[in-house]
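This report concerns only the one structure given below.
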Amino acid sequence: MAARLDPFDLFDIRSLLTDEERMVQDTVARFTDERVLPIIGDCFDQARFPTELIPEMASMGLLGATLPEEYGCAGMNAVSYGLICQELERGDSGLRSFASVQSSLCMYPIYAYGSEEHKRQYLPAMARGEVIGCFGLTEPHGGSDPANMKTTAKKDGGDWVINGAKMWITNGNLAHIAIVWAQTEEGIQGFIVPTDTPGFKAQEVHKKMSLRASVTSGLFFDDVRIPDANRLPNVKGLKGPLGCLTQARYGITWGPIGAAIACFGEALEYSKERILFNRPLAANQAVQLKLAEMARQITSAQLLSLQLGRLKDAGKMQPTQVSLAKWNNCRMAIDIARTCRDILGGAGITTEHSAIRHALNLESVITYEGTETVHQLVVGREVTGINAF
Ligand code: TGC
Ligand code: FAD
């Protein structure tokens with residue numbers, strides 16, 4: 001009889017990875033198993049982001065992982081970055097969120113749009129986890145339409161004066177610097193705002209039922225004055241922040257695969273051990289159909305993200321492809337998490353098991369970085385040629 005397939009890798013995706021990619025995945029997987037999983041349920045209960053893990057994540061090269069070594073970063077490829085996101089989110093979306101924001105939304109714009117001084121000043125310290133960043137794009141009146149930006153930056157001599165507010169900002173109360181997008185007379189521009197600048201305030205969002213092991217904040221700017229040297233000089237317009245989102249959304253296509261695998265693994269074990277009507281739960285056709293569906297969905301998502309990563313490494317990835325994969329993989333994961341919660345019965349409603357925590361987290365993941373509807377409309381625009389926004 002042929003050897004049984006790995007239920008978490010039915011199409012042997014591992015064999016498509018390079019030795020280096022496998023090593024990255026194994027290293028982060030070990031970190032998640034040994035350092036994240038033992039504490040993350042309590043962190044979620046206590047609404048606490050485990051800041052004590054930041055130095056370890058930094059020492060593994062997980063912050064700004066794809067940026068060049070000359071700036072103190074690990075110089076990994078896009079597939080390795082994706083695997084990092086997958087393994088972190090197998091622990092919790094909050095850990096992956098932290099790494100996404102630091103890497104793709106803060107270090108990337110400094111690298112892509114910043115001056116050489118910006119890169120030398122910030123990137124090595126951010127890779128070491130000594131300087132934490134947050135990314136302020138969304139505003140309270142509507143995140144899906146960032147073109148309608150009300151936060152302004154007005155030139156005053158050699159300075160800029162920023163006024164306005166940003167909402168739902170990951171890492172807001174942890175951050176030493178905020179990458180802030182503001183409307184100027186020359187269109188939207190990005191600014192590096194040290195969070196100790198007078199007039200800047202970060203206020204943590206409480207009562208969250210999702211991403212509880214992550215810091216989410218509102219940012220308020222009341223005549224925040226910064227020098228022109230803090231402006232990102234190499235981009236103007238909405239394509240600046242949207243370019244960062246493409247990087248982060250790419251990573252997010254991988255992350256929910258990890259969350260789905262965590263839930264699937266837990267429900268698989270549980271359903272084999274739980275005896276109901278004199279047989280294991282997993283012996284029922286109705287349950288096997290659910291588990292088989294999960295394996296199918298996970299396999300499809302893995303293939304989608306791997307191909308996306310190969311396209312990205314070849315410099316060919318298109319934003320519409322990222323939208324399709326973000327939509328598909330978030331939908332796949334949230335459906336799996338909810339079904340796993342159901343398979344666990346009453347036991348599924350506490351954070352002793354991970355399904356409800358992942359399901360709740362994925363409510364944010366399917367909303368941030370472009371809601372499911374936004375990504376559907378991006379794909380709709382591509383296939384019809386008609387802009388429905
Ligand atoms: P449009 O006005 O047509 O385009 C403006 C310019 O941007 C370019 N562009 C892109 N560039 C790179 N990547 C993309 N994905 C891009 N999409 C557009 C475009 O070519 C154009 O350039 P140019 O040179 O002609 O000026 O804008 P649009 O119609 O394409 O955009 C509409 C829409 C709705 C898709 C966009 O506004 C959008 O994506 N809205 C959603 C906003 C969003 O995702 N916000 C996320 C905030 S950050 C966050 O949630 C972090 S959570 C992180 C965590 O905790 O993990
Ligand atoms: P809205 O834009 O008001 O959307 C409300 C509803 O309307 C949604 O269902 C949407 O799909 C729907 N909708 C919108 N347009 C259309 C349309 N044309 N047709 C049909 N339906 C439509 N932002 C940052 O800038 N930085 C961060 O670090 C960050 N971190 C976040 C962390 C968390 C935990 C969360 C929850 C959000 C975070 N966000 C961040 C914000 C996030 O990007 C926004 O929540 C998201 O873009 C949606 O914006 P909104 O919440 O204002 O919803």
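Chain labels follow the order of the structure tokens: the first chain is A, the next B, and so on; residue numbering restarts at 1 in every chain, and ligands are counted from 1 in their shown order.
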
Using only C-alpha atoms and all ligand atoms, I'd like a table of the residues in chain A that come within 7 Å of ligand 1; for each, show the closest atom pair and its distance in Å rounded to one decimal, ordered by chain and ascending number, as a Markdown table.
```
| residue | atom | partner | partner_atom_place_in_ligand_line | distance |
| --- | --- | --- | --- | --- |
| A:Arg96 | CA | ligand 1 | 56 (O) | 6.7 |
| A:Ser97 | CA | ligand 1 | 56 (O) | 3.5 |
| A:Phe98 | CA | ligand 1 | 55 (O) | 6.4 |
| A:Ser100 | CA | ligand 1 | 56 (O) | 5.2 |
| A:Val101 | CA | ligand 1 | 53 (C) | 5.5 |
| A:Phe135 | CA | ligand 1 | 48 (S) | 6.8 |
| A:Leu137 | CA | ligand 1 | 47 (C) | 5.5 |
| A:Thr138 | CA | ligand 1 | 47 (C) | 5.3 |
| A:Gly143 | CA | ligand 1 | 42 (C) | 5.7 |
| A:Ser144 | CA | ligand 1 | 41 (C) | 4.1 |
| A:Asp145 | CA | ligand 1 | 37 (O) | 4.8 |
| A:Pro146 | CA | ligand 1 | 37 (O) | 5.3 |
| A:Ala147 | CA | ligand 1 | 37 (O) | 6.3 |
| A:Thr170 | CA | ligand 1 | 55 (O) | 5.0 |
| A:Gly237 | CA | ligand 1 | 26 (O) | 5.9 |
| A:Leu238 | CA | ligand 1 | 5 (C) | 4.9 |
| A:Lys239 | CA | ligand 1 | 7 (O) | 3.3 |
| A:Leu242 | CA | ligand 1 | 13 (N) | 4.4 |
| A:Gly243 | CA | ligand 1 | 12 (C) | 3.6 |
| A:Leu245 | CA | ligand 1 | 15 (N) | 6.3 |
| A:Thr246 | CA | ligand 1 | 13 (N) | 4.8 |
| A:Pro319 | CA | ligand 1 | 15 (N) | 4.6 |
| A:Tyr368 | CA | ligand 1 | 50 (O) | 3.9 |
| A:Glu369 | CA | ligand 1 | 50 (O) | 3.6 |
| A:Gly370 | CA | ligand 1 | 44 (O) | 3.2 |
| A:Thr371 | CA | ligand 1 | 44 (O) | 6.8 |
| A:Val374 | CA | ligand 1 | 34 (C) | 5.7 |
| A:Val378 | CA | ligand 1 | 35 (C) | 6.0 |
| A:Phe389 | CA | ligand 1 | 34 (C) | 6.4 |
```

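Residues in contact with A:Asp335 at 9 Å, where only C-alpha atoms are counted and same-chain residues fewer than 6 positions away are skipped, are listed as Ala260, Met294 and Ala359 of chain A.
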
Mind dumping the selected residues with N, CA, C and O atoms as a PDB file, in the first residue's frame?
```
ATOM      1  N   ALA A 260      -5.527  28.204   9.288  1.00  0.00           N
ATOM      2  CA  ALA A 260      -6.397  27.101   8.856  1.00  0.00           C
ATOM      3  C   ALA A 260      -5.780  25.747   9.224  1.00  0.00           C
ATOM      4  O   ALA A 260      -6.482  24.835   9.687  1.00  0.00           O
ATOM      5  N   MET A 294     -11.893  20.758   4.021  1.00  0.00           N
ATOM      6  CA  MET A 294     -10.822  21.613   4.572  1.00  0.00           C
ATOM      7  C   MET A 294      -9.493  21.319   3.885  1.00  0.00           C
ATOM      8  O   MET A 294      -8.752  22.234   3.517  1.00  0.00           O
ATOM      9  N   ALA A 359     -10.831  31.925  14.525  1.00  0.00           N
ATOM     10  CA  ALA A 359     -12.030  32.399  13.808  1.00  0.00           C
ATOM     11  C   ALA A 359     -12.256  33.881  14.102  1.00  0.00           C
ATOM     12  O   ALA A 359     -12.538  34.669  13.191  1.00  0.00           O
TER      13      ALA A 359
END
```

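Proximity to A:Ile162 was assessed for A:Lys150, A:Arg14, A:His353, A:Lys208 counting only C-alpha atoms; the smallest distance is recorded for A:Lys150.
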
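The two atoms in question, atom CA of A:Ile386 and atom CA of A:Ala325, are spaced 20.5 Å apart.
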
Report task. Would you mind listing what lies within 7 Å of A:His358 as an NGL selection string, with only C-alpha atoms counted and same-chain residues fewer than 6 positions away left out? Result -> :A and (92 or 259 or 337)

Report summary line: atom CA of A:Ile261 to atom CA of A:Gly348 measures 15.9 Å

Query raised in the report: Hey, what does DSSP flag as helix (DSSP H, G or I) within stretch 15-246 of chain A? Can you give it to me as a VMD selection string?
Result: chain A and resid 15 to 16 19 to 46 51 to 59 69 to 71 78 to 91 93 to 113 116 to 127 228 to 230 239 to 246

Query raised in the report: Neighbours of A:Ser103 within 8 Å (only C-alpha atoms; same-chain residues fewer than 6 positions away dropped), as number ranges by chain?
Result: A: 63-65

Query raised in the report: So how many Å separate atom CA of A:Leu377 and atom CA of A:Leu105, to one decimal?
Result: 22.8 Å

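Take the candidates A:Arg90, A:Arg22, A:Lys119, A:His375 and check each one against A:Ala333 using only C-alpha atoms; the shortest distance goes to A:Arg90.
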
Query - 10 Å contact set for A:Ile366, only C-alpha atoms, chain neighbours under 4 positions out, as a ChimeraX atom specification - result: /A:252,256,326-331,333-334,361-362,370-373

Report task. Could you tell me which of A:Met60, A:Ala153, A:Cys244, A:Val205 comes closest to A:Ala74 if we count only C-alpha atoms? Result -> A:Met60

Report task. Skip A:Pro194 itself and residues of its chain fewer than 6 positions away, then list as a PyMOL selection string all residues within 8 Å of it, counting only C-alpha atoms. Result -> chain A and resi 176-178

Could you write those residues out with all heavy atoms, as a short mmCIF file (atom, residue, chain, number, x, y, z; two decimals), in the first residue's frame?
```cif
data_model
loop_
_atom_site.label_atom_id
_atom_site.label_comp_id
_atom_site.auth_asym_id
_atom_site.auth_seq_id
_atom_site.Cartn_x
_atom_site.Cartn_y
_atom_site.Cartn_z
N HIS A 176 7.58 53.42 17.93
CA HIS A 176 8.47 54.57 18.11
C HIS A 176 8.32 55.54 16.94
O HIS A 176 8.56 56.73 17.09
CB HIS A 176 9.92 54.10 18.19
CG HIS A 176 10.16 53.10 19.28
ND1 HIS A 176 10.19 51.74 19.04
CD2 HIS A 176 10.34 53.27 20.60
CE1 HIS A 176 10.39 51.11 20.19
NE2 HIS A 176 10.48 52.01 21.14
N ILE A 177 7.96 55.00 15.77
CA ILE A 177 7.70 55.88 14.62
C ILE A 177 6.41 55.44 13.94
O ILE A 177 6.05 54.26 13.96
CB ILE A 177 8.84 55.85 13.57
CG1 ILE A 177 9.09 54.42 13.05
CG2 ILE A 177 10.12 56.46 14.11
CD1 ILE A 177 9.90 54.38 11.77
N ALA A 178 5.73 56.43 13.35
CA ALA A 178 4.54 56.12 12.55
C ALA A 178 4.80 56.57 11.12
O ALA A 178 5.31 57.68 10.90
CB ALA A 178 3.33 56.87 13.12
#
```

Query raised in the report: Mind checking DSSP for stretch 56-305 of chain A and telling me the strand (DSSP E or B) residues as number ranges by chain?
Result: A: 133-136, 152-156, 159-170, 177-184, 187-194, 200-204, 216-227, 231, 275-276, 279-280
